[in-house]
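To be precise, the following lines are query-v8.txt, and they hold compact mmCIF, C-alpha atoms and all ligand atoms.
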```txt
# COMPACT_ATOMS: atom_id res chain seq x y z
CA MET A 9 -62.06 5.97 -9.74
CA ASP A 10 -61.27 9.24 -11.52
CA GLN A 11 -57.82 10.03 -12.92
CA ALA A 12 -56.75 12.18 -9.94
CA ASN A 13 -57.57 9.36 -7.54
CA ILE A 14 -55.70 6.80 -9.64
CA LEU A 15 -52.62 9.03 -9.61
CA ARG A 16 -52.90 9.52 -5.83
CA GLN A 17 -53.23 5.75 -5.37
CA LEU A 18 -50.15 5.14 -7.54
CA ALA A 19 -48.14 7.70 -5.56
CA VAL A 20 -49.09 5.96 -2.27
CA GLN A 21 -48.08 2.57 -3.71
CA GLU A 22 -44.77 4.02 -4.95
CA ARG A 23 -43.99 5.45 -1.49
CA GLU A 24 -44.87 2.17 0.24
CA THR A 25 -42.63 0.19 -2.13
CA ARG A 26 -39.76 2.64 -1.57
CA ASP A 27 -40.12 2.55 2.22
CA ALA A 28 -40.15 -1.25 2.18
CA MET A 29 -36.80 -1.40 0.37
CA PRO A 30 -33.70 -2.01 2.52
CA LYS A 31 -31.89 1.25 3.26
CA GLU A 32 -28.55 -0.22 2.23
CA ILE A 33 -28.54 -2.61 -0.66
CA PRO A 34 -26.03 -5.35 0.12
CA THR A 35 -23.45 -5.80 -2.61
CA VAL A 36 -21.08 -8.70 -3.14
CA HIS A 37 -18.06 -6.48 -2.49
CA LYS A 38 -19.48 -4.22 0.18
CA ASN A 39 -16.11 -3.61 1.74
CA ARG A 40 -13.74 -1.33 -0.10
CA THR A 41 -10.08 -2.15 -0.16
CA CYS A 42 -7.67 0.46 1.08
CA ILE A 43 -4.82 0.33 -1.42
CA ALA A 44 -1.62 1.77 0.02
CA SER A 45 1.66 2.04 -1.84
CA ILE A 46 4.85 2.11 0.19
CA THR A 47 7.34 3.94 -1.92
CA SER A 48 10.53 6.00 -1.89
CA GLY A 49 12.84 8.07 -4.04
CA LYS A 50 16.02 6.53 -2.65
CA GLY A 51 16.55 2.80 -2.32
CA GLY A 52 17.25 0.89 0.88
CA VAL A 53 15.17 3.12 3.17
CA GLY A 54 13.19 0.20 4.64
CA LYS A 55 10.09 -0.15 2.42
CA THR A 56 10.05 -3.95 2.16
CA ASN A 57 10.51 -4.46 5.89
CA ILE A 58 7.85 -1.85 6.63
CA VAL A 59 5.36 -3.52 4.26
CA ALA A 60 5.93 -7.01 5.67
CA ASN A 61 5.72 -5.96 9.33
CA LEU A 62 2.84 -3.55 8.75
CA ALA A 63 0.88 -6.29 6.98
CA PHE A 64 1.45 -8.59 9.94
CA LEU A 65 0.28 -5.91 12.41
CA LEU A 66 -2.83 -5.09 10.33
CA ALA A 67 -3.67 -8.80 10.16
CA GLY A 68 -3.35 -8.86 13.96
CA MET A 69 -6.00 -6.11 14.02
CA ARG A 70 -8.30 -8.48 12.11
CA LYS A 71 -7.82 -6.74 8.80
CA LYS A 72 -7.58 -8.99 5.79
CA THR A 73 -4.29 -7.96 4.27
CA LEU A 74 -2.74 -8.70 0.91
CA VAL A 75 0.81 -7.72 0.03
CA LEU A 76 1.78 -7.09 -3.56
CA ASP A 77 5.48 -7.22 -4.25
CA ALA A 78 5.66 -4.60 -6.97
CA ASP A 79 9.44 -4.43 -7.07
CA CYS A 80 9.03 -6.29 -10.34
CA GLY A 81 12.64 -6.42 -11.43
CA LEU A 82 14.22 -7.19 -8.05
CA ALA A 83 11.52 -8.70 -5.87
CA ASN A 84 12.44 -9.82 -2.36
CA ILE A 85 9.52 -9.75 0.04
CA ASP A 86 9.35 -13.56 0.02
CA LEU A 87 13.04 -13.64 0.91
CA ILE A 88 12.67 -11.62 4.09
CA LEU A 89 9.79 -13.91 5.08
CA GLY A 90 11.77 -17.07 4.38
CA LEU A 91 9.22 -18.21 1.79
CA THR A 92 9.95 -19.90 -1.52
CA PRO A 93 7.02 -19.28 -3.84
CA GLN A 94 6.57 -21.59 -6.78
CA TYR A 95 4.90 -19.00 -8.99
CA ASN A 96 4.81 -15.23 -9.09
CA LEU A 97 3.34 -12.21 -10.84
CA TYR A 98 5.31 -13.06 -13.99
CA HIS A 99 3.31 -16.29 -14.41
CA ILE A 100 0.02 -14.40 -13.99
CA LEU A 101 0.99 -11.79 -16.56
CA LYS A 102 2.00 -14.49 -19.02
CA GLY A 103 -1.40 -16.12 -18.50
CA GLU A 104 0.19 -19.30 -17.16
CA LYS A 105 -1.22 -19.17 -13.63
CA THR A 106 -4.24 -17.67 -11.93
CA LEU A 107 -4.07 -15.31 -8.98
CA LYS A 108 -5.41 -18.07 -6.74
CA GLU A 109 -2.62 -20.41 -7.81
CA THR A 110 0.00 -17.74 -7.22
CA LEU A 111 -0.97 -16.25 -3.86
CA ILE A 112 0.97 -17.61 -0.91
CA ASN A 113 0.25 -17.52 2.81
CA GLY A 114 2.51 -15.51 5.05
CA PRO A 115 2.78 -15.22 8.83
CA GLY A 116 -0.29 -14.13 10.77
CA GLY A 117 -2.62 -14.96 7.88
CA ILE A 118 -1.35 -12.35 5.44
CA LYS A 119 -1.52 -13.18 1.74
CA ILE A 120 1.33 -12.37 -0.58
CA LEU A 121 1.50 -11.97 -4.31
CA PRO A 122 5.21 -12.47 -4.96
CA SER A 123 7.05 -11.04 -7.92
CA SER A 124 9.93 -12.09 -10.11
CA SER A 125 13.56 -11.19 -9.82
CA GLY A 126 15.95 -10.58 -12.68
CA ILE A 127 13.37 -10.75 -15.47
CA GLN A 128 13.95 -7.80 -17.75
CA GLU A 129 10.48 -7.76 -19.33
CA MET A 130 8.97 -7.08 -15.91
CA ALA A 131 11.06 -3.95 -15.43
CA THR A 132 8.52 -1.81 -17.32
CA LEU A 133 5.04 -3.28 -17.43
CA THR A 134 3.17 -2.86 -20.70
CA MET A 135 -0.46 -1.78 -20.84
CA THR A 136 -1.44 -5.40 -21.58
CA GLN A 137 0.41 -6.58 -18.49
CA LYS A 138 -1.22 -3.89 -16.34
CA LEU A 139 -4.65 -4.93 -17.57
CA ALA A 140 -3.82 -8.59 -16.93
CA LEU A 141 -2.87 -7.71 -13.35
CA GLN A 142 -6.08 -5.73 -12.92
CA ASP A 143 -8.14 -8.63 -14.29
CA ALA A 144 -6.37 -11.02 -11.92
CA MET A 145 -7.12 -8.76 -8.93
CA ASN A 146 -10.78 -8.74 -9.87
CA THR A 147 -10.94 -12.53 -9.63
CA LEU A 148 -10.55 -12.26 -5.83
CA GLN A 149 -13.68 -13.71 -4.25
CA VAL A 150 -13.14 -11.86 -1.00
CA ARG A 151 -11.51 -8.51 -1.22
CA PRO A 152 -8.88 -7.66 1.36
CA ASP A 153 -9.32 -4.73 3.71
CA TYR A 154 -5.80 -3.62 2.86
CA LEU A 155 -3.67 -4.07 -0.19
CA LEU A 156 -0.11 -3.00 0.59
CA ILE A 157 2.08 -2.42 -2.45
CA ASP A 158 5.84 -2.61 -2.00
CA THR A 159 7.22 -0.54 -4.88
CA SER A 160 10.78 -0.25 -6.05
CA ALA A 161 12.67 2.98 -5.41
CA GLY A 162 12.88 5.83 -7.89
CA ILE A 163 10.65 7.37 -10.53
CA SER A 164 10.36 4.56 -13.09
CA GLU A 165 7.16 3.91 -15.05
CA ASN A 166 6.31 0.99 -12.77
CA VAL A 167 6.71 3.12 -9.66
CA MET A 168 4.39 5.74 -11.17
CA TYR A 169 1.81 3.12 -12.09
CA PHE A 170 1.70 1.42 -8.69
CA ASN A 171 1.47 4.77 -6.93
CA MET A 172 -1.37 5.81 -9.19
CA VAL A 173 -3.49 2.76 -8.35
CA ALA A 174 -3.03 3.43 -4.63
CA LYS A 175 -5.33 5.56 -2.54
CA GLU A 176 -2.69 6.09 0.10
CA THR A 177 0.82 6.94 -1.02
CA ILE A 178 3.23 6.41 1.84
CA VAL A 179 6.62 7.92 1.09
CA VAL A 180 9.40 6.45 3.22
CA VAL A 181 12.43 8.61 4.00
CA THR A 182 15.40 8.44 6.33
CA PRO A 183 17.24 11.44 7.79
CA GLU A 184 19.91 11.20 5.06
CA PRO A 185 19.86 14.32 2.86
CA THR A 186 19.85 12.24 -0.35
CA SER A 187 16.78 10.37 0.83
CA LEU A 188 15.00 13.70 1.29
CA THR A 189 15.96 15.13 -2.09
CA ASP A 190 14.97 11.89 -3.83
CA ALA A 191 11.63 11.82 -1.98
CA TYR A 192 11.01 15.40 -3.10
CA ALA A 193 11.74 14.42 -6.73
CA LEU A 194 9.31 11.47 -6.51
CA ILE A 195 6.53 13.62 -5.00
CA LYS A 196 7.13 16.31 -7.61
CA VAL A 197 6.78 13.91 -10.55
CA LEU A 198 3.70 12.21 -9.09
CA TYR A 199 2.07 15.56 -8.38
CA GLN A 200 2.99 17.50 -11.50
CA ARG A 201 2.81 14.75 -14.11
CA HIS A 202 0.20 12.45 -12.60
CA ALA A 203 -1.96 14.80 -10.52
CA LYS A 204 -1.42 12.82 -7.32
CA LYS A 205 -2.23 15.13 -4.43
CA ARG A 206 -2.10 13.09 -1.27
CA PHE A 207 1.20 12.00 0.24
CA ARG A 208 1.96 10.73 3.71
CA LEU A 209 5.50 10.77 4.98
CA LEU A 210 6.94 7.97 7.10
CA VAL A 211 10.37 8.74 8.53
CA ASN A 212 12.40 5.60 9.16
CA MET A 213 15.65 4.89 11.04
CA VAL A 214 15.52 7.92 13.32
CA LYS A 215 17.02 8.13 16.80
CA THR A 216 14.21 10.21 18.28
CA GLN A 217 10.78 11.53 17.45
CA GLN A 218 12.26 15.06 17.37
CA GLU A 219 14.62 14.01 14.61
CA ALA A 220 11.65 12.65 12.61
CA THR A 221 9.67 15.85 13.16
CA GLU A 222 12.57 17.87 11.84
CA VAL A 223 12.86 15.64 8.73
CA PHE A 224 9.13 16.01 8.10
CA ARG A 225 9.30 19.78 8.59
CA ARG A 226 12.09 20.14 6.05
CA LEU A 227 10.35 18.14 3.34
CA ALA A 228 6.93 19.66 4.03
CA GLN A 229 8.47 23.13 3.77
CA ALA A 230 10.00 22.27 0.39
CA THR A 231 6.79 20.82 -1.10
CA ASP A 232 4.80 23.74 0.26
CA HIS A 233 7.21 26.38 -1.02
CA PHE A 234 8.05 24.94 -4.45
CA LEU A 235 4.97 22.89 -5.30
CA ASN A 236 2.30 24.57 -3.19
CA LEU A 237 1.48 21.11 -1.89
CA ALA A 238 0.81 20.09 1.71
CA ILE A 239 2.00 16.62 2.71
CA GLU A 240 0.89 14.69 5.79
CA ASN A 241 2.96 13.18 8.57
CA LEU A 242 2.19 9.48 9.05
CA GLY A 243 4.74 8.96 11.79
CA HIS A 244 8.22 7.65 12.42
CA ILE A 245 10.10 4.42 13.03
CA VAL A 246 13.20 4.36 15.18
CA TYR A 247 16.45 2.73 14.13
CA ASP A 248 16.22 -0.77 15.59
CA GLU A 249 19.25 -3.01 15.85
CA ASN A 250 16.97 -6.06 16.16
CA LEU A 251 15.77 -5.60 12.59
CA PRO A 252 18.90 -6.61 10.67
CA SER A 253 19.15 -9.75 12.79
CA ALA A 254 15.48 -10.66 12.08
CA VAL A 255 16.18 -10.13 8.37
CA LYS A 256 19.14 -12.49 8.58
CA GLN A 257 16.92 -15.12 10.21
CA GLN A 258 14.31 -14.50 7.47
CA LYS A 259 11.68 -13.89 10.14
CA LEU A 260 9.40 -10.94 10.75
CA LEU A 261 10.49 -8.73 13.61
CA ALA A 262 6.82 -8.11 14.51
CA GLU A 263 6.45 -11.85 15.02
CA LEU A 264 9.82 -12.57 16.65
CA TYR A 265 9.92 -9.59 18.96
CA PRO A 266 6.60 -7.68 19.04
CA GLN A 267 7.84 -5.28 21.73
CA SER A 268 10.84 -4.20 19.71
CA PRO A 269 11.12 -0.36 19.52
CA SER A 270 10.56 -0.14 15.76
CA ILE A 271 7.50 -2.41 15.96
CA LYS A 272 5.99 -0.21 18.67
CA CYS A 273 6.34 2.74 16.28
CA LEU A 274 4.90 0.76 13.39
CA ARG A 275 1.90 -0.24 15.50
CA GLU A 276 1.07 3.47 15.87
CA VAL A 277 1.36 3.85 12.10
CA ALA A 278 -1.00 0.89 11.57
CA LYS A 279 -3.57 2.44 13.94
CA LYS A 280 -3.33 5.80 12.18
CA LEU A 281 -3.75 4.14 8.81
CA CYS A 282 -6.83 2.26 10.01
CA GLN A 283 -8.39 5.42 11.46
CA SER A 284 -7.83 7.60 8.45
CA SER A 285 -8.28 5.28 5.49
CA SER A 286 -12.04 5.02 5.93
CA GLU A 287 -12.44 8.80 6.04
CA GLN A 288 -10.57 9.71 2.89
CA GLU A 289 -11.84 10.15 -0.61
CA ASP A 290 -10.20 8.06 -3.30
CA ASP A 291 -7.13 9.77 -4.70
CA GLY A 292 -6.20 6.82 -6.89
CA VAL A 293 -6.84 7.88 -10.47
CA MET A 294 -7.16 4.23 -11.34
CA SER A 295 -8.01 1.32 -9.16
CA PHE A 296 -7.27 -2.35 -9.36
CA PHE A 297 -10.81 -3.17 -8.50
CA ASN A 298 -13.45 -2.60 -11.19
N1 LIG A 301 14.09 0.88 11.40
C1 LIG A 301 15.18 0.22 11.00
N2 LIG A 301 16.21 -0.02 11.86
C2 LIG A 301 17.31 -0.67 11.47
N3 LIG A 301 17.53 -1.15 10.24
C3 LIG A 301 16.55 -0.95 9.33
C4 LIG A 301 15.35 -0.26 9.65
N4 LIG A 301 14.56 -0.24 8.55
C5 LIG A 301 15.24 -0.90 7.59
N5 LIG A 301 16.44 -1.33 8.04
C6 LIG A 301 17.48 -2.08 7.28
O1 LIG A 301 17.68 -1.39 6.05
C7 LIG A 301 17.94 -2.30 5.01
C8 LIG A 301 17.07 -2.02 3.82
O2 LIG A 301 15.73 -2.36 4.13
P1 LIG A 301 14.67 -2.73 3.00
O3 LIG A 301 15.18 -3.82 2.13
O4 LIG A 301 13.37 -2.96 3.69
O5 LIG A 301 14.66 -1.37 2.19
P2 LIG A 301 13.92 -1.06 0.81
O6 LIG A 301 13.53 0.36 0.85
O7 LIG A 301 12.84 -2.05 0.56
O8 LIG A 301 15.09 -1.29 -0.24
P3 LIG A 301 14.96 -1.33 -1.84
O9 LIG A 301 14.79 0.10 -2.27
O10 LIG A 301 16.27 -1.89 -2.28
O11 LIG A 301 13.78 -2.18 -2.18
C9 LIG A 301 17.77 -3.70 5.60
O12 LIG A 301 19.01 -4.26 5.85
C10 LIG A 301 17.01 -3.48 6.89
O13 LIG A 301 17.35 -4.40 7.87
MG MG A 302 12.50 -3.34 -1.10
```

For the structure just supplied, provide its representation as structure tokens.
Amino acid sequence: MDQANILRQLAVQERETRDAMPKEIPTVHKNRTCIASITSGKGGVGKTNIVANLAFLLAGMRKKTLVLDADCGLANIDLILGLTPQYNLYHILKGEKTLKETLINGPGGIKILPSSSGIQEMATLTMTQKLALQDAMNTLQVRPDYLLIDTSAGISENVMYFNMVAKETIVVVTPEPTSLTDAYALIKVLYQRHAKKRFRLLVNMVKTQQEATEVFRRLAQATDHFLNLAIENLGHIVYDENLPSAVKQQKLLAELYPQSPSIKCLREVAKKLCQSSSEQEDDGVMSFFN
């Protein structure tokens, strides 16, 4: 066989080998986790209740959902679920417990990584602590479809960090003017100092959809005019008098009363999140995973 023939033969073999390879190489972590932070400028706008109920609804849509209580100084997601975790994020960061030992089961099959309350050294996580959390997350054998992060309110270092690891930043506001100005301040800092570009607004405690649309319009106008930044509308949640009573019972409203008005709204939000999260590029500058 002359040299030209040998080369032709090798090219044929190469093509056959390539064609025989599977089109999609299966990887251990084929599914990508949608990391969504639920955050706000002003406190008390409903983040924790939204995270807990949203997680329950996503789990009902067969999405593996993990909740991270990132309100490190004043954690309370376990409280609204009536759970009493033995360990929390503090024990992981101190290297005393593994993620597996710390995760607890919540209603509907959701998993929760609880946090500590009243521990000063958790109020601003150090780089070592952030890396320890990242390492812990990477020990998960099966990655969740959704990781919902319940942040604290404001513009602290921790809030910045947890919003930066999230692909979806969901900013919760209420119609109160202070909630809007504080949300604007949060978006401004995340955009200007941390190059975060994608924000989705969720307007809570409104009477009507029109009221929510007006709140969205006002904030979107401000970010557009002063920051040249377009924000997205994720939806609204009506004021629901059943919610405070569910909180008092330490039960999830979505579980107690699935047809409650606010849960109907939140179901639409969950659907929208599911539809859009697969289409979007990663905006998280960092990620917990790898
Ligand atoms: N849609 C709603 N209708 C009626 N009450 C609501 C609604 N959303 C939240 N609340 C009430 O608002 C209060 C604050 O809610 P929540 O603790 O979830 O807010 P938060 O944003 O997590 O607060 P923080 O900033 O302190 O962490 C609770 O008493 C809750 O019952
Ligand atoms: Mg909260």

- Query: How would you write, as an NGL selection string, the set of residues no farther than 12 Å from ligand MG 302 (chain A) when counting only C-alpha atoms and all ligand atoms?
  - Reply: :A and (46-60 or 76-88 or 123 or 125 or 157-162 or 180)

- Item | Protein and nucleic acid residues near (7.5, 12.2, -11.3) (cut-off 12 Å, only C-alpha atoms) as a PyMOL selection string | chain A and resi 48-49+162-169+171-172+190-204

Just C-alpha atoms for this one: save the residues we selected as a compact mmCIF listing (two decimals), keeping the file's coordinate frame.
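Writing done, so here's out-v2.txt:
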```
# COMPACT_ATOMS: atom_id res chain seq x y z
CA SER A 48 10.53 6.00 -1.89
CA GLY A 49 12.84 8.07 -4.04
CA GLY A 162 12.88 5.83 -7.89
CA ILE A 163 10.65 7.37 -10.53
CA SER A 164 10.36 4.56 -13.09
CA GLU A 165 7.16 3.91 -15.05
CA ASN A 166 6.31 0.99 -12.77
CA VAL A 167 6.71 3.12 -9.66
CA MET A 168 4.39 5.74 -11.17
CA TYR A 169 1.81 3.12 -12.09
CA ASN A 171 1.47 4.77 -6.93
CA MET A 172 -1.37 5.81 -9.19
CA ASP A 190 14.97 11.89 -3.83
CA ALA A 191 11.63 11.82 -1.98
CA TYR A 192 11.01 15.40 -3.10
CA ALA A 193 11.74 14.42 -6.73
CA LEU A 194 9.31 11.47 -6.51
CA ILE A 195 6.53 13.62 -5.00
CA LYS A 196 7.13 16.31 -7.61
CA VAL A 197 6.78 13.91 -10.55
CA LEU A 198 3.70 12.21 -9.09
CA TYR A 199 2.07 15.56 -8.38
CA GLN A 200 2.99 17.50 -11.50
CA ARG A 201 2.81 14.75 -14.11
CA HIS A 202 0.20 12.45 -12.60
CA ALA A 203 -1.96 14.80 -10.52
CA LYS A 204 -1.42 12.82 -7.32
```

- Enter the distance from CA of Thr186 (chain A) to CA of Val223 (chain A), in Å, rounded to one decimal. 12.0 Å

- What is the distance, in Å and to one decimal place, between atom O7 of ligand LIG 301 (chain A) and CA of Met213 (chain A)? 12.9 Å

- One-decimal distance in Å that lies between CA of Leu65 (chain A) and CA of Leu89 (chain A): 14.4 Å

Using only C-alpha atoms, which residues of region 36-113 of chain A come within 12 Å of region 149-153 of chain A, and what is the closest atom pair for each, with the distance in Å to one decimal? Give it as JSON lines, sorted by chain and residue number.
```
{"residue": "A:Val36", "atom": "CA", "partner": "A:Val150", "partner_atom": "CA", "distance": 8.8}
{"residue": "A:His37", "atom": "CA", "partner": "A:Arg151", "partner_atom": "CA", "distance": 7.0}
{"residue": "A:Lys38", "atom": "CA", "partner": "A:Arg151", "partner_atom": "CA", "distance": 9.2}
{"residue": "A:Asn39", "atom": "CA", "partner": "A:Asp153", "partner_atom": "CA", "distance": 7.2}
{"residue": "A:Arg40", "atom": "CA", "partner": "A:Asp153", "partner_atom": "CA", "distance": 6.8}
{"residue": "A:Thr41", "atom": "CA", "partner": "A:Asp153", "partner_atom": "CA", "distance": 4.7}
{"residue": "A:Cys42", "atom": "CA", "partner": "A:Asp153", "partner_atom": "CA", "distance": 6.0}
{"residue": "A:Ile43", "atom": "CA", "partner": "A:Asp153", "partner_atom": "CA", "distance": 8.5}
{"residue": "A:Ala44", "atom": "CA", "partner": "A:Asp153", "partner_atom": "CA", "distance": 10.7}
{"residue": "A:Ala63", "atom": "CA", "partner": "A:Asp153", "partner_atom": "CA", "distance": 10.8}
{"residue": "A:Leu66", "atom": "CA", "partner": "A:Asp153", "partner_atom": "CA", "distance": 9.3}
{"residue": "A:Ala67", "atom": "CA", "partner": "A:Asp153", "partner_atom": "CA", "distance": 9.5}
{"residue": "A:Met69", "atom": "CA", "partner": "A:Asp153", "partner_atom": "CA", "distance": 10.9}
{"residue": "A:Arg70", "atom": "CA", "partner": "A:Asp153", "partner_atom": "CA", "distance": 9.3}
{"residue": "A:Lys71", "atom": "CA", "partner": "A:Asp153", "partner_atom": "CA", "distance": 5.7}
{"residue": "A:Lys72", "atom": "CA", "partner": "A:Pro152", "partner_atom": "CA", "distance": 4.8}
{"residue": "A:Thr73", "atom": "CA", "partner": "A:Pro152", "partner_atom": "CA", "distance": 5.4}
{"residue": "A:Leu74", "atom": "CA", "partner": "A:Pro152", "partner_atom": "CA", "distance": 6.2}
{"residue": "A:Val75", "atom": "CA", "partner": "A:Pro152", "partner_atom": "CA", "distance": 9.8}
{"residue": "A:Leu76", "atom": "CA", "partner": "A:Pro152", "partner_atom": "CA", "distance": 11.8}
{"residue": "A:Leu107", "atom": "CA", "partner": "A:Gln149", "partner_atom": "CA", "distance": 10.8}
{"residue": "A:Lys108", "atom": "CA", "partner": "A:Gln149", "partner_atom": "CA", "distance": 9.7}
```

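Residues surrounding region 139-143 of chain A within 12 Å are Leu76, Ala78, Asn96, Leu97, Tyr98, His99, Ile100, Leu101, Lys102, Gly103, Glu104, Lys105, Thr106, Leu107, Leu121, Ser123, Leu133, Thr134, Met135, Thr147, Leu148, Tyr169, Phe170, Val173, Met294, Ser295, Phe296, Phe297 and Asn298 of chain A [all atoms listed in the file; sequence separation below 4 positions excluded].
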
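Nearest to Thr110 (chain A) of all the residues A:Glu176, A:Met145, A:Gly126, A:Gly90 is A:Met145, based on only C-alpha atoms.
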
Hey, what's within 12 Å of Arg226 (chain A) if we count only C-alpha atoms and toss same-chain stuff fewer than 6 positions away? As an mmCIF file with C-alpha atoms, in the frame of the given file, please?
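This is the output file selection24.cif:
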```cif
data_model
loop_
_atom_site.group_PDB
_atom_site.id
_atom_site.type_symbol
_atom_site.label_atom_id
_atom_site.label_comp_id
_atom_site.auth_asym_id
_atom_site.auth_seq_id
_atom_site.Cartn_x
_atom_site.Cartn_y
_atom_site.Cartn_z
ATOM 1 C CA VAL A 181 12.430 8.610 4.000
ATOM 2 C CA PRO A 183 17.240 11.440 7.790
ATOM 3 C CA GLU A 184 19.910 11.200 5.060
ATOM 4 C CA PRO A 185 19.860 14.320 2.860
ATOM 5 C CA LEU A 188 15.000 13.700 1.290
ATOM 6 C CA THR A 189 15.960 15.130 -2.090
ATOM 7 C CA ALA A 191 11.630 11.820 -1.980
ATOM 8 C CA TYR A 192 11.010 15.400 -3.100
ATOM 9 C CA LEU A 209 5.500 10.770 4.980
ATOM 10 C CA VAL A 211 10.370 8.740 8.530
ATOM 11 C CA GLU A 219 14.620 14.010 14.610
ATOM 12 C CA ALA A 220 11.650 12.650 12.610
ATOM 13 C CA ASP A 232 4.800 23.740 0.260
ATOM 14 C CA HIS A 233 7.210 26.380 -1.020
ATOM 15 C CA ILE A 239 2.000 16.620 2.710
ATOM 16 C CA ASN A 241 2.960 13.180 8.570
#
```

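Using all atoms listed in the file, the shortest contact distance between ligand LIG 301 (chain A) and any of A:Lys256, A:Arg225, A:Arg208, A:Arg275 is found at A:Lys256.
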
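Shortest separation to ligand LIG 301 (chain A) among A:Asp248, A:Glu222, A:Glu276, A:Glu240 occurs at residue A:Asp248, atoms counted being all atoms listed in the file.
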
- Item | Top pick for closest residue to ligand LIG 301 (chain A), considering A:Glu129, A:Ile120, A:Asn61, A:Ala174 and counting all atoms listed in the file | A:Asn61

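Distances here use all atoms listed in the file; by that measure, the residue among A:Tyr154, A:Tyr265, A:Tyr247, A:Phe224 closest to ligand LIG 301 (chain A) is A:Tyr247.
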
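Take the candidates A:Val246, A:Val179, A:Leu155, A:Leu237 and check each one against ligand LIG 301 (chain A) using all atoms listed in the file; the shortest distance goes to A:Val246.
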